[in-house]
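Worksheet for the structure shown next.
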Amino acid sequence: MNRRHNFNPGPAALPLEVLRQAHEEAVEYGNRGMSLMEMSHRSPEVERIVSHTRELLLELLGLDDRYETLFMAGGASAQFGLIPMNLATADAPGSYVLSGSFAEKAYQEAIRAGSAHAAATSKQTGWRDIPKREEIRLAENAAYLHITTNNTIEGTQLRELPDVPENVPLIGDMTSDILSRPLDYARFGLLYASAQKNLGPAGVTAVILRRDLLERSAKADLPLIFRYDTFAKNESLYNTPPVHAIWMMMLVLEWTRKQGGAAKLGERNAQKAKRLYDAIDASGGFYEGIAAAEVRSDMNITWKLPNEELERLFLEQAERNGFEGLAGHRSVGGLRASAYNAVPEQSCIDLAAFMREFVRTHG
Ligand SMILES: Cc1ncc(COP(=O)(O)O)c(C=O)c1O
């Protein structure tokens, strides 16, 4: 197979060795005479997969058993609703840092769920920047502070986590940068990520939360299927979980561990992103980065060309040269290269070379 350079924003590139392993085991899992997709979710095999995936995730995040890991459906978007439903009340709203389109969506869903408070916004910059730590104002009785650590659409990434008082948990939407860099993950009370960028194929969302927050989520008037404590008590097997997606997450996490975890991947991701930012910065203004330089993301690299016609031409030629997924989000325009953990460094080297050549011939 001729693998393309996959810069898709999500679903995104998966490690080739994980795909091969999944292929080998697709028809028969172990020596069980059937595939995993045909097995009961109450079987010992599935229980082992779920518990091993949970252990791997905590280990790679550097978190201990004060944290619980839940595997839920509905993507990160479901968490936009479930977080306020489980953890906020009309008197104690969640405070939200608005740093991009997904952060704003989370905030809007919290308003729909009952109440929410905007702690800071960078919308006035067209989401090119992220609110500074000192600009954040918590609601007086804030249930939590919600941040988005990487703004996938705009290509900005939070470098320093905000400080919160001890009784206000920090909640992070880490969908597009979980395990992409070393971070003090224990600063979070709850962090979540849908799988389809750094964790595996789409279909499952990892929610990692401190156990003390589970007591708060036991709200009698919430349907059981929407309660975090239901998932915790039943080890994510309350109803039929997306078993195959969890298994794939397990394989991706094993691969992540083999790569040296978040620390090593962080070095590699910074190097990959630098190759592309260097091509942008050395283009004499032909390419213009979209994100403010101090908050440029290592995961989603966004830039513009002098006009839309050149952007279309760039995309066409890129496609023909084996580069996929480079169109910017429709709300931002321009171009975006998503270089998640599984995107090989060589793809970034080749794209940077293609970008330089495009400037030489069209600049
Ligand atoms: C930061 C962030 N949050 C939330 C979402 C929404 O995720 P999902 O499509 O899994 O609901 C995305 C999707 O790209 C994202 O990048």
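Residue numbering restarts at 1 for every chain of the structure tokens, chains are lettered A, B, ... in their displayed order, and ligands are numbered from 1 as they appear.
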Query - DSSP alpha helix (DSSP H) selection over region 239-268 of chain A, as a list in words - result: Val243, His244, Ala245, Ile246, Trp247, Met248, Met249, Met250, Leu251, Val252, Leu253, Glu254, Trp255, Thr256, Arg257, Lys258, Gly261, Ala262, Ala263, Lys264, Leu265, Gly266, Glu267 and Arg268 of chain A
Report as a ChimeraX atom specification all protein, DNA and RNA residues lying within 8 Å of region 273-290 of chain A, evaluated on only C-alpha atoms, omitting residues in the same chain fewer than 3 positions from it. /A:128,154-155,269-270,293,297-299,301-306,339,348-349,351-353,355-356,359,363
Practice problem: Using only C-alpha atoms, determine which residues lie at most 12 Å from region 172-174 of chain A, disregarding the query and same-chain residues fewer than 4 positions distant; provide the list as a VMD selection string. | Solution: chain A and resid 61 75 to 80 83 95 to 100 102 to 107 144 to 152 157 to 158 161 to 162 178 to 181 183 185 to 199 205 to 209 299
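One distance worth recording is that between CA of Val50 (chain A) and CA of Lys219 (chain A), which is 25.6 Å.
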*Can you work out which one of A:Phe323, A:Phe358, A:Phe71, A:Trp255 has the shortest atom-to-atom distance to Leu237 (chain A), counting only C-alpha atoms?*
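Checking each of A:Phe323, A:Phe358, A:Phe71, A:Trp255 against Leu237 (chain A), counting only C-alpha atoms, the winner is A:Phe71.
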Counting only C-alpha atoms, which residues in region 54-95 of chain A sit no more than 9 Å from region 137-141 of chain A? For each one, give the nearest pair of atoms and the distance in Å, sorted by chain then residue number, as a Markdown table.
```
| residue | atom | partner | partner_atom | distance |
| --- | --- | --- | --- | --- |
| A:Asp91 | CA | A:Asn141 | CA | 7.2 |
| A:Ala92 | CA | A:Asn141 | CA | 5.1 |
| A:Pro93 | CA | A:Asn141 | CA | 7.1 |
| A:Gly94 | CA | A:Ala139 | CA | 7.7 |
| A:Ser95 | CA | A:Leu138 | CA | 5.9 |
```
Convert the current residue selection to file output with N, CA, C and O atoms, as a compact mmCIF listing (two decimals), in the first residue's frame.
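Final file, again-v8.txt:
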```txt
# COMPACT_ATOMS: atom_id res chain seq x y z
N ASP A 91 -27.11 27.55 41.06
CA ASP A 91 -26.40 28.45 42.00
C ASP A 91 -24.90 28.39 41.82
O ASP A 91 -24.18 29.31 42.21
N ALA A 92 -24.41 27.29 41.33
CA ALA A 92 -22.95 27.14 41.16
C ALA A 92 -22.68 26.76 39.70
O ALA A 92 -22.58 25.60 39.34
N PRO A 93 -22.54 27.77 38.83
CA PRO A 93 -22.34 27.48 37.41
C PRO A 93 -20.89 27.11 37.12
O PRO A 93 -19.99 27.41 37.91
N GLY A 94 -20.68 26.50 35.97
CA GLY A 94 -19.33 26.29 35.51
C GLY A 94 -18.80 27.59 34.92
O GLY A 94 -19.56 28.32 34.28
N SER A 95 -17.52 27.89 35.13
CA SER A 95 -16.89 29.04 34.49
C SER A 95 -16.12 28.54 33.27
O SER A 95 -15.44 27.52 33.35
```
Using only C-alpha atoms, determine which residues lie at most 9 Å from Ala12 (chain A), disregarding the query and same-chain residues fewer than 2 positions distant; provide the list as a PDB file with N, CA, C and O atoms, in the first residue's frame.
```pdb
ATOM      1  N   ASN A   6      -1.023  11.787   5.934  1.00  0.00           N
ATOM      2  CA  ASN A   6      -2.369  12.055   6.438  1.00  0.00           C
ATOM      3  C   ASN A   6      -2.368  13.183   7.469  1.00  0.00           C
ATOM      4  O   ASN A   6      -2.001  12.973   8.619  1.00  0.00           O
ATOM      5  N   PHE A   7      -2.812  14.373   7.038  1.00  0.00           N
ATOM      6  CA  PHE A   7      -2.899  15.519   7.947  1.00  0.00           C
ATOM      7  C   PHE A   7      -4.345  15.826   8.310  1.00  0.00           C
ATOM      8  O   PHE A   7      -4.681  16.963   8.622  1.00  0.00           O
ATOM      9  N   ASN A   8      -5.196  14.814   8.284  1.00  0.00           N
ATOM     10  CA  ASN A   8      -6.605  15.016   8.628  1.00  0.00           C
ATOM     11  C   ASN A   8      -6.753  15.496  10.071  1.00  0.00           C
ATOM     12  O   ASN A   8      -6.046  15.028  10.965  1.00  0.00           O
ATOM     13  N   PRO A   9      -7.736  16.397  10.300  1.00  0.00           N
ATOM     14  CA  PRO A   9      -7.926  16.946  11.657  1.00  0.00           C
ATOM     15  C   PRO A   9      -8.622  15.992  12.628  1.00  0.00           C
ATOM     16  O   PRO A   9      -8.615  16.215  13.831  1.00  0.00           O
ATOM     17  N   GLY A  10      -9.247  14.956  12.140  1.00  0.00           N
ATOM     18  CA  GLY A  10      -9.903  13.985  13.017  1.00  0.00           C
ATOM     19  C   GLY A  10     -11.255  13.615  12.449  1.00  0.00           C
ATOM     20  O   GLY A  10     -12.020  14.533  12.144  1.00  0.00           O
ATOM     21  N   LEU A  14      -3.623   6.988  12.146  1.00  0.00           N
ATOM     22  CA  LEU A  14      -3.369   6.013  13.214  1.00  0.00           C
ATOM     23  C   LEU A  14      -2.019   5.371  12.942  1.00  0.00           C
ATOM     24  O   LEU A  14      -1.577   5.299  11.785  1.00  0.00           O
ATOM     25  N   GLN A 196     -10.703  10.246  18.430  1.00  0.00           N
ATOM     26  CA  GLN A 196     -10.284  10.192  17.025  1.00  0.00           C
ATOM     27  C   GLN A 196      -9.112  11.066  16.606  1.00  0.00           C
ATOM     28  O   GLN A 196      -8.918  11.303  15.424  1.00  0.00           O
ATOM     29  N   LYS A 197      -8.301  11.521  17.582  1.00  0.00           N
ATOM     30  CA  LYS A 197      -7.068  12.230  17.204  1.00  0.00           C
ATOM     31  C   LYS A 197      -5.851  11.478  17.763  1.00  0.00           C
ATOM     32  O   LYS A 197      -5.144  10.807  17.029  1.00  0.00           O
ATOM     33  N   ASN A 198      -5.645  11.549  19.079  1.00  0.00           N
ATOM     34  CA  ASN A 198      -4.450  10.901  19.635  1.00  0.00           C
ATOM     35  C   ASN A 198      -4.710   9.564  20.318  1.00  0.00           C
ATOM     36  O   ASN A 198      -3.781   8.927  20.814  1.00  0.00           O
ATOM     37  N   GLY A 200      -7.190   6.953  19.146  1.00  0.00           N
ATOM     38  CA  GLY A 200      -7.701   5.800  18.395  1.00  0.00           C
ATOM     39  C   GLY A 200      -8.747   6.212  17.385  1.00  0.00           C
ATOM     40  O   GLY A 200      -8.818   7.380  17.015  1.00  0.00           O
ATOM     41  N   PRO A 201      -9.560   5.247  16.937  1.00  0.00           N
ATOM     42  CA  PRO A 201     -10.625   5.610  15.998  1.00  0.00           C
ATOM     43  C   PRO A 201     -11.798   6.253  16.748  1.00  0.00           C
ATOM     44  O   PRO A 201     -11.902   6.142  17.969  1.00  0.00           O
ATOM     45  N   GLY A 325      -5.884  16.178   3.615  1.00  0.00           N
ATOM     46  CA  GLY A 325      -6.521  16.780   4.799  1.00  0.00           C
ATOM     47  C   GLY A 325      -6.028  18.167   5.139  1.00  0.00           C
ATOM     48  O   GLY A 325      -6.085  18.570   6.299  1.00  0.00           O
ATOM     49  N   SER A 338      -2.803  18.926  10.478  1.00  0.00           N
ATOM     50  CA  SER A 338      -2.925  18.356  11.823  1.00  0.00           C
ATOM     51  C   SER A 338      -1.886  17.254  11.962  1.00  0.00           C
ATOM     52  O   SER A 338      -1.915  16.263  11.234  1.00  0.00           O
ATOM     53  N   ALA A 339      -0.955  17.485  12.867  1.00  0.00           N
ATOM     54  CA  ALA A 339       0.196  16.578  12.997  1.00  0.00           C
ATOM     55  C   ALA A 339       0.144  15.887  14.363  1.00  0.00           C
ATOM     56  O   ALA A 339       0.987  16.096  15.220  1.00  0.00           O
ATOM     57  N   TYR A 340      -0.902  15.064  14.536  1.00  0.00           N
ATOM     58  CA  TYR A 340      -1.076  14.362  15.812  1.00  0.00           C
ATOM     59  C   TYR A 340       0.034  13.329  16.016  1.00  0.00           C
ATOM     60  O   TYR A 340       0.855  13.093  15.125  1.00  0.00           O
ATOM     61  N   ALA A 342       0.427  10.238  15.753  1.00  0.00           N
ATOM     62  CA  ALA A 342       0.719   9.142  14.816  1.00  0.00           C
ATOM     63  C   ALA A 342       1.199   9.636  13.450  1.00  0.00           C
ATOM     64  O   ALA A 342       1.510   8.817  12.585  1.00  0.00           O
ATOM     65  N   VAL A 343       1.235  10.951  13.256  1.00  0.00           N
ATOM     66  CA  VAL A 343       1.746  11.459  11.974  1.00  0.00           C
ATOM     67  C   VAL A 343       3.272  11.375  12.009  1.00  0.00           C
ATOM     68  O   VAL A 343       3.914  11.961  12.878  1.00  0.00           O
TER      69      VAL A 343
END
```
If you count only C-alpha atoms and all ligand atoms, the residue of A:Glu357, A:Glu47, A:Glu109, A:Asp212 closest to ligand 1 turns out to be A:Glu109
